[in-house]
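Enquirer: Sharing input.txt (compact mmCIF, C-alpha atoms) below.
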# COMPACT_ATOMS: atom_id res chain seq x y z
CA MET A 1 11.82 21.77 -15.01
CA ILE A 2 8.11 22.35 -15.45
CA ILE A 3 7.73 18.57 -15.16
CA THR A 4 7.72 19.01 -11.35
CA GLY A 5 4.35 20.71 -11.84
CA LEU A 6 3.03 17.48 -13.29
CA ILE A 7 4.30 15.50 -10.29
CA VAL A 8 2.82 17.94 -7.75
CA GLY A 9 -0.44 17.86 -9.71
CA LEU A 10 -0.50 14.05 -9.64
CA ALA A 11 -0.04 14.01 -5.86
CA LEU A 12 -2.58 16.78 -5.33
CA GLY A 13 -5.19 15.21 -7.58
CA PHE A 14 -4.88 11.91 -5.77
CA VAL A 15 -5.16 13.52 -2.31
CA LEU A 16 -8.12 15.72 -3.30
CA GLN A 17 -10.09 12.79 -4.64
CA ARG A 18 -9.30 10.36 -1.84
CA GLY A 19 -9.79 13.01 0.84
CA ARG A 20 -13.08 14.15 -0.79
CA PHE A 21 -11.78 17.64 -0.21
CA CYS A 22 -14.61 19.96 -1.16
CA VAL A 23 -14.35 23.68 -0.44
CA THR A 24 -17.77 24.27 -1.98
CA GLY A 25 -19.24 21.90 0.57
CA ALA A 26 -17.29 23.64 3.34
CA PHE A 27 -18.68 27.08 2.39
CA ARG A 28 -22.17 25.82 1.63
CA ASP A 29 -22.42 23.95 4.95
CA LEU A 30 -21.63 27.13 6.87
CA THR A 31 -24.84 28.80 5.74
CA LEU A 32 -26.98 25.76 4.86
CA THR A 33 -26.56 23.66 8.00
CA GLY A 34 -24.17 25.67 10.19
CA ASN A 35 -21.73 22.75 10.06
CA THR A 36 -18.15 24.07 10.44
CA ARG A 37 -16.26 20.76 10.15
CA TRP A 38 -14.91 21.21 6.61
CA PHE A 39 -14.40 24.95 6.99
CA SER A 40 -12.30 24.18 10.08
CA ALA A 41 -10.23 21.77 8.00
CA LEU A 42 -9.64 24.61 5.53
CA ILE A 43 -8.44 26.86 8.38
CA LEU A 44 -5.97 24.12 9.37
CA LEU A 45 -4.80 23.90 5.75
CA ILE A 46 -4.24 27.68 5.63
CA ALA A 47 -2.31 27.56 8.93
CA VAL A 48 -0.03 24.74 7.72
CA HIS A 49 0.52 26.56 4.43
CA SER A 50 1.29 29.89 6.13
CA ILE A 51 3.86 28.24 8.42
CA GLY A 52 5.48 26.63 5.37
CA LEU A 53 5.48 29.76 3.22
CA PHE A 54 6.88 32.12 5.87
CA LEU A 55 9.48 29.52 6.85
CA LEU A 56 10.66 29.24 3.22
CA ASN A 57 10.51 33.02 2.87
CA GLY A 58 12.57 33.51 6.04
CA LEU A 59 15.16 30.99 4.85
CA GLY A 60 15.41 32.85 1.55
CA VAL A 61 14.20 29.85 -0.46
CA ILE A 62 11.30 31.84 -1.88
CA THR A 63 10.48 35.56 -2.01
CA LEU A 64 6.91 36.52 -1.19
CA GLU A 65 6.02 39.66 -3.10
CA ALA A 66 3.72 42.32 -1.70
CA SER A 67 1.00 43.39 -4.09
CA PRO A 68 -1.76 46.00 -3.70
CA PHE A 69 -5.26 44.92 -2.74
CA PRO A 70 -7.80 44.91 -5.63
CA TRP A 71 -10.76 45.34 -3.28
CA LEU A 72 -13.57 45.79 -5.80
CA ALA A 73 -12.48 42.80 -7.91
CA SER A 74 -12.10 40.62 -4.79
CA ILE A 75 -15.67 41.41 -3.72
CA ILE A 76 -17.35 41.08 -7.13
CA GLY A 77 -15.29 38.10 -8.25
CA GLY A 78 -15.73 36.32 -4.91
CA LEU A 79 -19.52 36.76 -5.01
CA ILE A 80 -19.79 35.50 -8.60
CA PHE A 81 -17.47 32.56 -7.98
CA GLY A 82 -19.18 31.56 -4.73
CA PHE A 83 -22.64 31.63 -6.32
CA ALA A 84 -21.44 29.77 -9.42
CA MET A 85 -19.58 26.99 -7.61
CA VAL A 86 -22.76 25.92 -5.81
CA LEU A 87 -24.56 25.76 -9.17
CA ALA A 88 -21.68 23.73 -10.61
CA GLY A 89 -21.63 21.45 -7.57
CA GLY A 90 -17.95 22.01 -6.84
CA CYS A 91 -15.16 24.55 -6.66
CA ALA A 92 -12.31 24.52 -9.16
CA THR A 93 -10.49 21.52 -7.71
CA GLY A 94 -13.75 19.85 -6.72
CA THR A 95 -14.97 20.12 -10.30
CA TYR A 96 -11.67 18.71 -11.56
CA TYR A 97 -11.90 15.67 -9.28
CA ARG A 98 -15.60 15.06 -9.83
CA ALA A 99 -14.89 15.18 -13.56
CA GLY A 100 -12.26 12.48 -12.88
CA GLU A 101 -14.84 10.36 -11.04
CA GLY A 102 -17.00 10.30 -14.16
CA LEU A 103 -19.62 12.92 -13.31
CA VAL A 104 -20.66 14.31 -16.68
CA GLY A 105 -22.16 17.44 -15.11
CA SER A 106 -18.69 18.33 -13.84
CA TRP A 107 -17.25 17.81 -17.34
CA PHE A 108 -19.56 20.57 -18.57
CA ALA A 109 -18.69 22.81 -15.63
CA LEU A 110 -14.98 22.23 -16.16
CA ILE A 111 -15.06 22.97 -19.90
CA PHE A 112 -17.02 26.20 -19.45
CA TYR A 113 -14.90 27.23 -16.47
CA ALA A 114 -11.69 26.81 -18.49
CA LEU A 115 -13.28 28.58 -21.47
CA THR A 116 -14.58 31.66 -19.67
CA SER A 117 -11.43 32.03 -17.57
CA ALA A 118 -9.49 32.16 -20.87
CA VAL A 119 -11.95 34.73 -22.27
CA MET A 120 -11.52 36.87 -19.15
CA LYS A 121 -7.75 36.49 -18.74
CA ASN A 122 -6.32 36.08 -22.23
CA GLY A 123 -9.22 36.82 -24.55
CA PRO A 124 -11.46 39.74 -25.56
CA LEU A 125 -12.62 40.55 -22.02
CA THR A 126 -9.11 40.86 -20.58
CA SER A 127 -9.52 44.65 -20.35
CA VAL A 128 -12.68 44.23 -18.19
CA THR A 129 -10.78 41.99 -15.77
CA GLU A 130 -7.77 44.30 -15.69
CA GLY A 131 -9.97 47.38 -15.29
CA LEU A 132 -11.69 45.92 -12.23
CA ARG A 133 -8.42 44.69 -10.78
CA SER A 134 -6.75 48.10 -11.20
CA ILE A 135 -8.99 49.58 -8.50
CA THR A 136 -6.76 48.94 -5.52
CA ILE A 137 -5.74 49.90 -2.00
CA GLU A 138 -1.97 50.28 -1.55
CA SER A 139 -1.26 47.90 1.36
CA GLY A 140 -2.19 44.40 0.25
CA THR A 141 -1.39 42.38 3.36
CA LEU A 142 -2.10 42.43 7.08
CA GLN A 143 1.60 42.68 7.87
CA ALA A 144 2.05 45.61 5.46
CA SER A 145 -0.75 47.72 6.92
CA THR A 146 -0.08 46.89 10.57
CA GLY A 147 3.73 46.87 10.37
CA LEU A 148 3.72 43.71 12.49
CA ASN A 149 5.87 40.66 11.92
CA PRO A 150 3.92 38.13 9.77
CA TRP A 151 4.70 35.43 12.35
CA VAL A 152 2.23 37.19 14.66
CA PHE A 153 -0.51 36.28 12.19
CA VAL A 154 0.94 32.80 11.65
CA ALA A 155 0.70 32.28 15.41
CA ILE A 156 -2.90 33.54 15.53
CA ILE A 157 -4.17 31.36 12.67
CA SER A 158 -2.26 28.35 14.05
CA ALA A 159 -3.87 28.79 17.46
CA VAL A 160 -7.32 29.00 15.85
CA ALA A 161 -6.52 25.95 13.69
CA ILE A 162 -5.45 23.87 16.70
CA ALA A 163 -8.58 24.85 18.65
CA VAL A 164 -11.02 23.95 15.84
CA THR A 165 -9.13 20.74 15.00
CA VAL A 166 -9.31 19.55 18.61
CA HIS A 167 -12.99 20.53 18.79
CA HIS A 168 -13.96 18.62 15.64
CA ASN A 169 -11.97 15.50 16.49
CA LYS A 170 -13.67 14.79 19.78
CA LYS A 171 -15.02 11.29 19.60
CA THR A 172 -18.71 11.02 18.92
CA ALA A 173 -20.67 8.74 21.25
CA THR A 174 -21.85 6.73 18.24
CA PRO A 175 -18.91 5.44 16.17
CA VAL A 176 -18.66 6.64 12.56
CA ALA A 177 -19.64 3.77 10.26
CA THR A 178 -17.12 2.58 7.70
CA LEU A 179 -17.38 0.42 4.60
CA PRO A 180 -16.30 -3.20 4.98
CA PRO A 181 -12.65 -3.29 3.81
CA LEU A 182 -11.77 -5.25 0.67
CA LYS A 183 -8.04 -4.56 0.87
CA LYS A 184 -5.36 -4.61 3.53
CA GLY A 185 -2.39 -2.49 4.58
CA LEU A 186 -1.25 0.43 2.46
CA ALA A 187 -3.67 -0.34 -0.36
CA HIS A 188 -6.53 -0.06 2.14
CA ILE A 189 -5.32 3.29 3.50
CA LEU A 190 -4.62 4.75 0.05
CA THR A 191 -7.60 3.50 -1.91
CA GLU A 192 -10.40 2.67 0.52
CA LYS A 193 -10.09 4.10 3.97
CA ARG A 194 -12.05 7.21 4.82
CA TRP A 195 -9.48 9.98 5.30
CA ASN A 196 -9.93 12.33 8.21
CA PRO A 197 -10.55 15.80 6.66
CA PHE A 198 -7.98 17.31 9.03
CA VAL A 199 -5.28 14.87 7.92
CA THR A 200 -6.15 15.64 4.30
CA ALA A 201 -5.89 19.36 5.08
CA VAL A 202 -2.38 18.96 6.51
CA VAL A 203 -1.26 16.90 3.51
CA ILE A 204 -2.62 19.51 1.06
CA GLY A 205 -0.98 22.30 3.10
CA ILE A 206 2.37 20.51 2.77
CA ILE A 207 1.94 19.86 -0.96
CA ALA A 208 0.98 23.52 -1.47
CA THR A 209 4.12 24.62 0.37
CA ILE A 210 6.42 22.34 -1.65
CA ALA A 211 4.74 23.63 -4.83
CA TRP A 212 5.94 27.22 -4.43
CA PRO A 213 9.76 26.74 -4.63
CA LEU A 214 9.33 24.15 -7.41
CA SER A 215 7.23 26.63 -9.39
CA ALA A 216 9.56 29.54 -8.60
CA ALA A 217 12.53 27.53 -9.88
CA THR A 218 10.90 27.60 -13.32
CA GLY A 219 10.38 31.37 -13.21
CA ARG A 220 6.76 31.31 -12.03
CA ASN A 221 6.94 32.94 -8.59
CA SER A 222 3.65 31.76 -7.13
CA GLY A 223 2.14 28.70 -5.53
CA LEU A 224 -0.77 26.45 -6.35
CA GLY A 225 -3.26 27.93 -8.77
CA ILE A 226 -6.02 26.53 -10.91
CA THR A 227 -7.68 29.39 -12.76
CA THR A 228 -4.77 31.05 -14.59
CA PRO A 229 -3.32 27.65 -15.59
CA SER A 230 -6.75 26.50 -16.81
CA ALA A 231 -7.07 29.72 -18.85
CA ASN A 232 -3.56 29.27 -20.25
CA LEU A 233 -4.20 25.62 -21.10
CA THR A 234 -7.36 26.57 -22.99
CA THR A 235 -5.57 29.41 -24.80
CA PHE A 236 -2.70 27.10 -25.69
CA LEU A 237 -5.13 24.52 -27.08
CA GLY A 238 -6.74 27.22 -29.24
CA THR A 239 -3.58 28.99 -30.42
CA GLY A 240 -0.72 26.48 -30.17
CA ASP A 241 1.29 29.13 -28.31
CA ALA A 242 3.69 26.85 -26.40
CA SER A 243 5.05 29.74 -24.27
CA LEU A 244 1.80 29.50 -22.27
CA VAL A 245 2.65 25.98 -21.12
CA ASP A 246 4.34 26.77 -17.82
CA TRP A 247 4.57 25.09 -14.42
CA GLY A 248 0.96 25.97 -13.66
CA VAL A 249 -0.36 24.31 -16.82
CA MET A 250 1.62 21.17 -15.99
CA LEU A 251 0.07 21.34 -12.52
CA VAL A 252 -3.53 21.23 -13.75
CA ILE A 253 -2.71 18.50 -16.27
CA GLY A 254 -1.13 16.59 -13.37
CA ILE A 255 -4.22 17.13 -11.21
CA LEU A 256 -6.46 15.74 -13.94
CA ILE A 257 -4.24 12.69 -14.45
CA GLY A 258 -3.75 12.29 -10.70
CA ILE A 259 -7.49 12.31 -10.16
CA LEU A 260 -8.03 9.83 -12.95
CA ILE A 261 -5.36 7.58 -11.45
CA GLY A 262 -6.79 8.21 -7.97
CA SER A 263 -10.27 7.19 -8.97
CA PHE A 264 -9.08 4.41 -11.29
CA ILE A 265 -6.87 2.86 -8.62
CA ALA A 266 -9.81 3.20 -6.29
CA ALA A 267 -12.01 1.68 -8.96
CA LYS A 268 -9.95 -1.51 -8.69
CA ALA A 269 -10.48 -1.61 -4.94
CA SER A 270 -13.75 0.07 -4.17
CA GLY A 271 -15.17 1.15 -7.51
CA GLU A 272 -15.51 4.92 -7.42
CA PHE A 273 -15.36 5.61 -11.14
CA ARG A 274 -18.52 5.43 -13.18
CA ILE A 275 -19.86 7.66 -15.94
CA ARG A 276 -22.83 9.37 -14.34
CA VAL A 277 -25.08 11.43 -16.61
CA PRO A 278 -27.20 13.98 -14.75
CA ASP A 279 -30.70 15.18 -15.62
CA GLN A 280 -31.32 18.18 -17.88
CA ALA A 281 -31.65 20.69 -15.06
CA THR A 282 -28.31 19.65 -13.57
CA VAL A 283 -26.54 19.95 -16.93
CA VAL A 284 -27.87 23.48 -17.40
CA LYS A 285 -26.90 24.42 -13.85
CA SER A 286 -23.42 22.96 -14.36
CA ILE A 287 -22.92 24.99 -17.55
CA PHE A 288 -24.05 28.26 -15.92
CA GLY A 289 -21.95 27.37 -12.89
CA GLY A 290 -18.86 26.76 -15.01
CA VAL A 291 -19.33 30.06 -16.88
CA GLY A 292 -19.69 31.96 -13.60
CA MET A 293 -16.71 30.23 -12.01
CA GLY A 294 -14.40 31.23 -14.86
CA VAL A 295 -15.61 34.83 -14.81
CA GLY A 296 -15.59 35.10 -11.01
CA ALA A 297 -12.19 33.49 -10.50
CA ALA A 298 -10.57 35.63 -13.20
CA ILE A 299 -11.92 38.84 -11.62
CA ALA A 300 -11.16 37.76 -8.04
CA GLY A 301 -7.64 36.74 -9.02
CA GLY A 302 -8.09 33.15 -7.96
CA CYS A 303 -10.51 30.40 -7.07
CA THR A 304 -10.84 28.48 -3.82
CA VAL A 305 -7.19 27.43 -4.24
CA GLY A 306 -5.43 30.61 -5.38
CA ASN A 307 -7.46 32.82 -3.05
CA ALA A 308 -8.86 30.68 -0.24
CA MET A 309 -5.71 28.60 0.33
CA VAL A 310 -2.66 30.42 -1.05
CA SER A 311 -3.51 34.13 -0.82
CA THR A 312 -5.03 33.70 2.65
CA ALA A 313 -1.87 31.92 3.85
CA GLN A 314 0.14 35.03 2.94
CA PHE A 315 -2.40 37.16 4.88
CA GLU A 316 -3.32 39.06 1.74
CA TYR A 317 -6.57 40.99 1.97
CA GLN A 318 -7.47 39.72 -1.51
CA GLY A 319 -7.55 36.11 -0.27
CA TRP A 320 -9.59 36.77 2.87
CA VAL A 321 -12.03 39.24 1.28
CA ALA A 322 -12.57 37.03 -1.79
CA THR A 323 -13.05 34.00 0.49
CA PHE A 324 -15.59 35.85 2.63
CA PHE A 325 -17.58 36.88 -0.43
CA MET A 326 -17.36 33.36 -1.89
CA ILE A 327 -19.05 32.17 1.32
CA VAL A 328 -21.71 34.87 0.92
CA GLY A 329 -22.23 33.95 -2.76
CA ALA A 330 -22.40 30.25 -1.90
CA GLY A 331 -24.92 30.99 0.84
CA VAL A 332 -27.18 32.93 -1.53
CA ALA A 333 -26.98 30.15 -4.13
CA ALA A 334 -27.70 27.48 -1.51
CA LYS A 335 -30.79 29.42 -0.33
CA PHE A 336 -32.10 29.61 -3.89
CA THR A 337 -31.21 26.19 -5.21
CA ILE A 338 -31.17 23.83 -2.24
CA LYS A 339 -34.54 23.46 -0.64
CA SER A 340 -35.37 20.53 1.50
CA GLY A 341 -38.40 18.58 0.43
CA ALA A 342 -37.88 19.57 -3.20
CA ARG A 343 -38.70 16.10 -4.43
CA THR A 344 -42.12 14.89 -3.42
CA GLY A 345 -42.50 11.51 -1.82
CA ALA A 346 -38.80 10.77 -2.04
CA ALA A 347 -38.67 8.15 0.67
CA GLN A 348 -40.73 5.02 0.07
CA PRO A 349 -41.73 2.38 2.61
CA ALA A 350 -39.61 -0.69 1.98
CA GLU A 351 -42.63 -3.00 1.73
CA SER A 352 -44.17 -1.16 -1.22
CA ARG A 353 -41.06 -1.43 -3.27
CA SER A 354 -40.13 -4.33 -5.49
CA VAL A 355 -36.49 -5.29 -5.08
CA MET B 1 -40.79 0.22 9.83
CA LYS B 2 -38.22 0.60 7.12
CA GLN B 3 -38.10 3.31 4.45
CA VAL B 4 -35.97 3.46 1.33
CA LEU B 5 -34.60 6.70 -0.07
CA GLU B 6 -33.28 6.55 -3.62
CA THR B 7 -30.86 9.38 -4.27
CA ASN B 8 -28.89 7.88 -7.15
CA GLY B 9 -28.05 10.62 -9.65
CA LEU B 10 -28.20 13.35 -7.03
CA VAL B 11 -24.94 15.11 -6.20
CA CYS B 12 -24.05 16.33 -2.75
CA PRO B 13 -25.45 17.85 -0.66
CA PHE B 14 -28.81 16.49 -1.88
CA PRO B 15 -28.53 12.89 -0.59
CA LEU B 16 -27.90 14.24 2.92
CA VAL B 17 -30.52 17.00 2.63
CA GLU B 18 -33.13 14.40 1.65
CA ALA B 19 -31.96 11.94 4.30
CA LYS B 20 -32.46 14.61 6.97
CA ASP B 21 -35.93 15.36 5.59
CA ALA B 22 -36.90 11.71 5.50
CA ILE B 23 -35.65 10.86 8.97
CA GLY B 24 -37.40 13.91 10.38
CA GLY B 25 -40.76 12.27 9.67
CA MET B 26 -39.84 8.89 11.12
CA ASP B 27 -40.26 7.42 14.61
CA ASN B 28 -37.43 6.30 16.88
CA GLY B 29 -36.35 2.78 16.00
CA ASP B 30 -37.40 3.15 12.35
CA GLU B 31 -34.72 2.46 9.77
CA LEU B 32 -33.91 4.55 6.71
CA VAL B 33 -32.11 2.89 3.79
CA ILE B 34 -30.31 5.53 1.71
CA ASN B 35 -29.03 4.51 -1.71
CA PHE B 36 -26.59 7.04 -3.19
CA ASP B 37 -23.89 7.46 -5.82
CA CYS B 38 -22.29 10.72 -4.73
CA THR B 39 -18.78 9.82 -3.51
CA GLN B 40 -18.67 12.64 -0.95
CA ALA B 41 -21.69 11.18 0.80
CA THR B 42 -19.57 8.17 1.87
CA GLU B 43 -17.97 10.73 4.19
CA ALA B 44 -20.91 13.01 4.89
CA ILE B 45 -23.69 10.53 5.72
CA PRO B 46 -21.77 8.35 8.26
CA GLN B 47 -20.45 11.54 9.88
CA TRP B 48 -23.97 13.00 10.13
CA ALA B 49 -25.32 9.72 11.55
CA ALA B 50 -22.58 9.55 14.18
CA GLU B 51 -23.00 13.18 15.20
CA ASN B 52 -26.74 12.64 15.71
CA GLY B 53 -26.28 9.36 17.55
CA TYR B 54 -28.05 7.31 14.87
CA PRO B 55 -26.58 3.79 14.65
CA VAL B 56 -25.65 2.57 11.16
CA THR B 57 -26.86 -1.00 10.79
CA HIS B 58 -25.63 -1.58 7.23
CA PHE B 59 -23.16 0.22 4.95
CA ASP B 60 -21.83 -1.33 1.77
CA ARG B 61 -21.10 -0.93 -1.91
CA THR B 62 -23.79 -1.91 -4.37
CA GLY B 63 -21.64 -1.59 -7.48
CA ASP B 64 -19.21 0.81 -9.12
CA ALA B 65 -19.58 4.19 -7.45
CA SER B 66 -22.83 3.34 -5.74
CA TRP B 67 -23.49 2.68 -2.10
CA THR B 68 -26.22 1.84 0.40
CA ILE B 69 -26.39 2.81 4.04
CA THR B 70 -29.03 1.99 6.65
CA VAL B 71 -29.48 4.43 9.50
CA ARG B 72 -31.70 3.79 12.52
CA LYS B 73 -33.39 6.77 14.04
CA ALA B 74 -32.61 7.00 17.75
Once you've parsed the file, please lay out its structure as structure tokens.

Expert:
Amino acid sequence: MIITGLIVGLALGFVLQRGRFCVTGAFRDLTLTGNTRWFSALILLIAVHSIGLFLLNGLGVITLEASPFPWLASIIGGLIFGFAMVLAGGCATGTYYRAGEGLVGSWFALIFYALTSAVMKNGPLTSVTEGLRSITIESGTLQASTGLNPWVFVAIISAVAIAVTVHHNKKTATPVATLPPLKKGLAHILTEKRWNPFVTAVVIGIIATIAWPLSAATGRNSGLGITTPSANLTTFLGTGDASLVDWGVMLVIGILIGILIGSFIAAKASGEFRIRVPDQATVVKSIFGGVGMGVGAAIAGGCTVGNAMVSTAQFEYQGWVATFFMIVGAGVAAKFTIKSGARTGAAQPAESRSV
Amino acid sequence: MKQVLETNGLVCPFPLVEAKDAIGGMDNGDELVINFDCTQATEAIPQWAAENGYPVTHFDRTGDASWTITVRKA
């Protein structure tokens, strides 16, 4: 029943696009502006997902497997991925949904990301990836090395998540401006209304939790993932090897379609789909970004989904270490590429401008 | 005094980075019109304005995947 992957992908793609869920932005903001709003939403997502996963594991619905910690690969891969995603202007899912919104730069990033992840995971450089990932520390999770019940860590991350969620949802003195609505009722909420990032985080956490048993039922015992499925999809397209088309591949196809539907439905209501061709510099950056994302995610064993949402929720060191180094990599890239005042004379007095 | 910032074609975070730059050089009561086509900025710019206590006097669509927002420095 790999078709369930398609359905989960559809739902996820829609939610990502409508919620404008951007992990790249969350990581970049931490170092660029010190804004923790989106990173806090990610913490909430991880908390919801960890509750769901350990609940399902405790009930015997799924079996979480302990794996060793590939420390060197997590550090190197995380750094490369973090740096590259800022160049590409989006993480794996962000690039998928921006591609669905019609941003041509993201099409380039997506194609090169899928290509290099296939080269690193299924192609000629597989041995490099495996070599780096074979350098490990035995205990791969917090609960394995401390001997504590994983619910201790679930409780800790949940407490942190509640604190940051409350902090970021205090009302601002000035109300947040919204677009004038064109639709009413459910259509307004689904296709127009600005979603609170924390609501989006909870919804994604729930979808991620549901994904695991559905995927496990097809013999793929893992949760949401973007990089390996993208690599397998690319390899399938090049070889015709249908055995590669598993739940994960259906998931990324679903995400693409879901995002297209998400932005197309929205296009009817508020018009968020338009082919947008970037300038030369952005195209080049997107290509280098995509190449680096594929390489980095393959080495790190996951992107901002597989590592920063799913591996972290199991309290695996790989997830937390890779996430930390993605933030470092994103910070370095932001320092180099995002300077304020880069364009000269950007703002023009209204009077001097013909309308 | 009203200033217009054209950021069409720029992806996030650039519309917001430039908006911050532009408003930094303005006086209280001045208005900044930001035209943008990065979808994420429909979230990021109103949020930034609200957090800084800048009233938004106009916010609307100008076409498919393009928007305009007017922020008054306060």

Enquirer: Using 8 Å as the limit and counting only C-alpha atoms, can you tabulate each residue of region 26-68 of chain B that touches region 20-43 of chain A, with its shortest atom-to-atom distance in Å and the two atoms involved, as a Markdown table?

Expert:
| residue | atom | partner | partner_atom | distance |
| --- | --- | --- | --- | --- |
| B:Thr39 | CA | A:Arg20 | CA | 7.7 |
| B:Gln40 | CA | A:Arg20 | CA | 5.8 |
| B:Glu43 | CA | A:Arg20 | CA | 7.8 |

Enquirer: Using CA of Phe81 (chain A) and CA of Ala322 (chain A) as the two end points, give the distance in Å to one decimal.

Expert: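 If I compute the distance from CA of Phe81 (chain A) to CA of Ala322 (chain A), I get 9.1 Å.
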
Enquirer: Counting all atoms listed in the file, which residues have an atom no more than 7 Å from (-14.1, 6.7, 4.1) in the file's coordinates? Please list them as a ChimeraX atom specification.

Expert: /A:178,192-195 /B:42-43

Enquirer: With a cut-off of 7 Å and counting all atoms listed in the file, select all residues of chain B in contact with chain A and give the selection as a list in words.

Expert: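 On the chain B side, the interface is Lys2, Gln3, Val4, Leu5, Gly9, Val17, Glu18, Asp21, Ala22, Gln40, Glu43, Pro46, Gln47, Ala50, Glu51, Gly53, Pro55, Val56, Phe59, Asp60, Asp64 and Ala65 of chain B.
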
Enquirer: Report, in Å with one decimal, the straight-line distance from CA of Ser127 (chain A) to CA of Gly331 (chain A).

Expert: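 Interatomic distance, CA of Ser127 (chain A) to CA of Gly331 (chain A): 29.5 Å.
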
Enquirer: Report as a VMD selection string all protein, DNA and RNA residues lying within 8 Å of region 23-36 of chain B, evaluated on all atoms listed in the file, omitting residues in the same chain fewer than 6 positions from it.

Expert: chain B and resid 1 to 10 15 66 to 74

Enquirer: I want to know what sits within 12 Å of Ala216 (chain A), based on all atoms listed in the file, with residues of the same chain fewer than 2 positions away left out; could you give that as a PyMOL selection string?

Expert: chain A and resi 1-2+4-5+56+61-64+209-214+218-224+246-248

Enquirer: What does the structure give for the distance between CA of Ile253 (chain A) and CA of Thr129 (chain A), in Å to one decimal?

Expert: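 Value for the CA of Ile253 (chain A)-CA of Thr129 (chain A) distance: 24.8 Å.
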
Enquirer: Just checking: using only C-alpha atoms, which residue out of A:Leu142, A:Ile327, A:Ala92, A:Ala114 ends up closest to Phe236 (chain A)?

Expert: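 Of the candidates, the smallest distance to Phe236 (chain A) is held by A:Ala114.
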
Enquirer: Considering all atoms listed in the file, can you say which of B:Pro13, B:Ala19, B:Asn52, B:His58 comes closest to Cys38 (chain B)?

Expert: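 Residue with the minimum atom-to-atom distance to Cys38 (chain B): B:Pro13.
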
Enquirer: Reconstruct N, CA and C atoms of region 112-125 of chain A from the incomplete input and present them as a compact mmCIF listing (two decimals), keeping the file's coordinate frame.

Expert:
# COMPACT_ATOMS: atom_id res chain seq x y z
N PHE A 112 -16.60 24.80 -19.39
CA PHE A 112 -17.02 26.20 -19.45
C PHE A 112 -16.21 27.08 -18.51
N TYR A 113 -15.77 26.51 -17.40
CA TYR A 113 -14.90 27.23 -16.47
C TYR A 113 -13.57 27.58 -17.15
N ALA A 114 -12.96 26.57 -17.81
CA ALA A 114 -11.69 26.81 -18.49
C ALA A 114 -11.88 27.80 -19.64
N LEU A 115 -13.02 27.69 -20.32
CA LEU A 115 -13.28 28.58 -21.47
C LEU A 115 -13.45 30.03 -21.02
N THR A 116 -14.33 30.27 -20.04
CA THR A 116 -14.58 31.66 -19.67
C THR A 116 -13.39 32.27 -18.93
N SER A 117 -12.61 31.46 -18.21
CA SER A 117 -11.43 32.03 -17.57
C SER A 117 -10.44 32.48 -18.64
N ALA A 118 -10.37 31.74 -19.77
CA ALA A 118 -9.49 32.16 -20.87
C ALA A 118 -10.02 33.44 -21.52
N VAL A 119 -11.34 33.52 -21.68
CA VAL A 119 -11.95 34.73 -22.27
C VAL A 119 -11.64 35.95 -21.40
N MET A 120 -11.71 35.75 -20.08
CA MET A 120 -11.52 36.87 -19.15
C MET A 120 -10.06 37.22 -18.91
N LYS A 121 -9.16 36.24 -19.08
CA LYS A 121 -7.75 36.49 -18.74
C LYS A 121 -6.86 36.68 -19.96
N ASN A 122 -7.18 35.99 -21.04
CA ASN A 122 -6.32 36.08 -22.23
C ASN A 122 -7.09 36.58 -23.45
N GLY A 123 -8.41 36.55 -23.38
CA GLY A 123 -9.22 36.82 -24.55
C GLY A 123 -9.77 38.24 -24.61
N PRO A 124 -10.91 38.40 -25.29
CA PRO A 124 -11.46 39.74 -25.56
C PRO A 124 -11.89 40.51 -24.32
N LEU A 125 -12.17 39.82 -23.21
CA LEU A 125 -12.62 40.55 -22.02
C LEU A 125 -11.50 40.81 -21.02
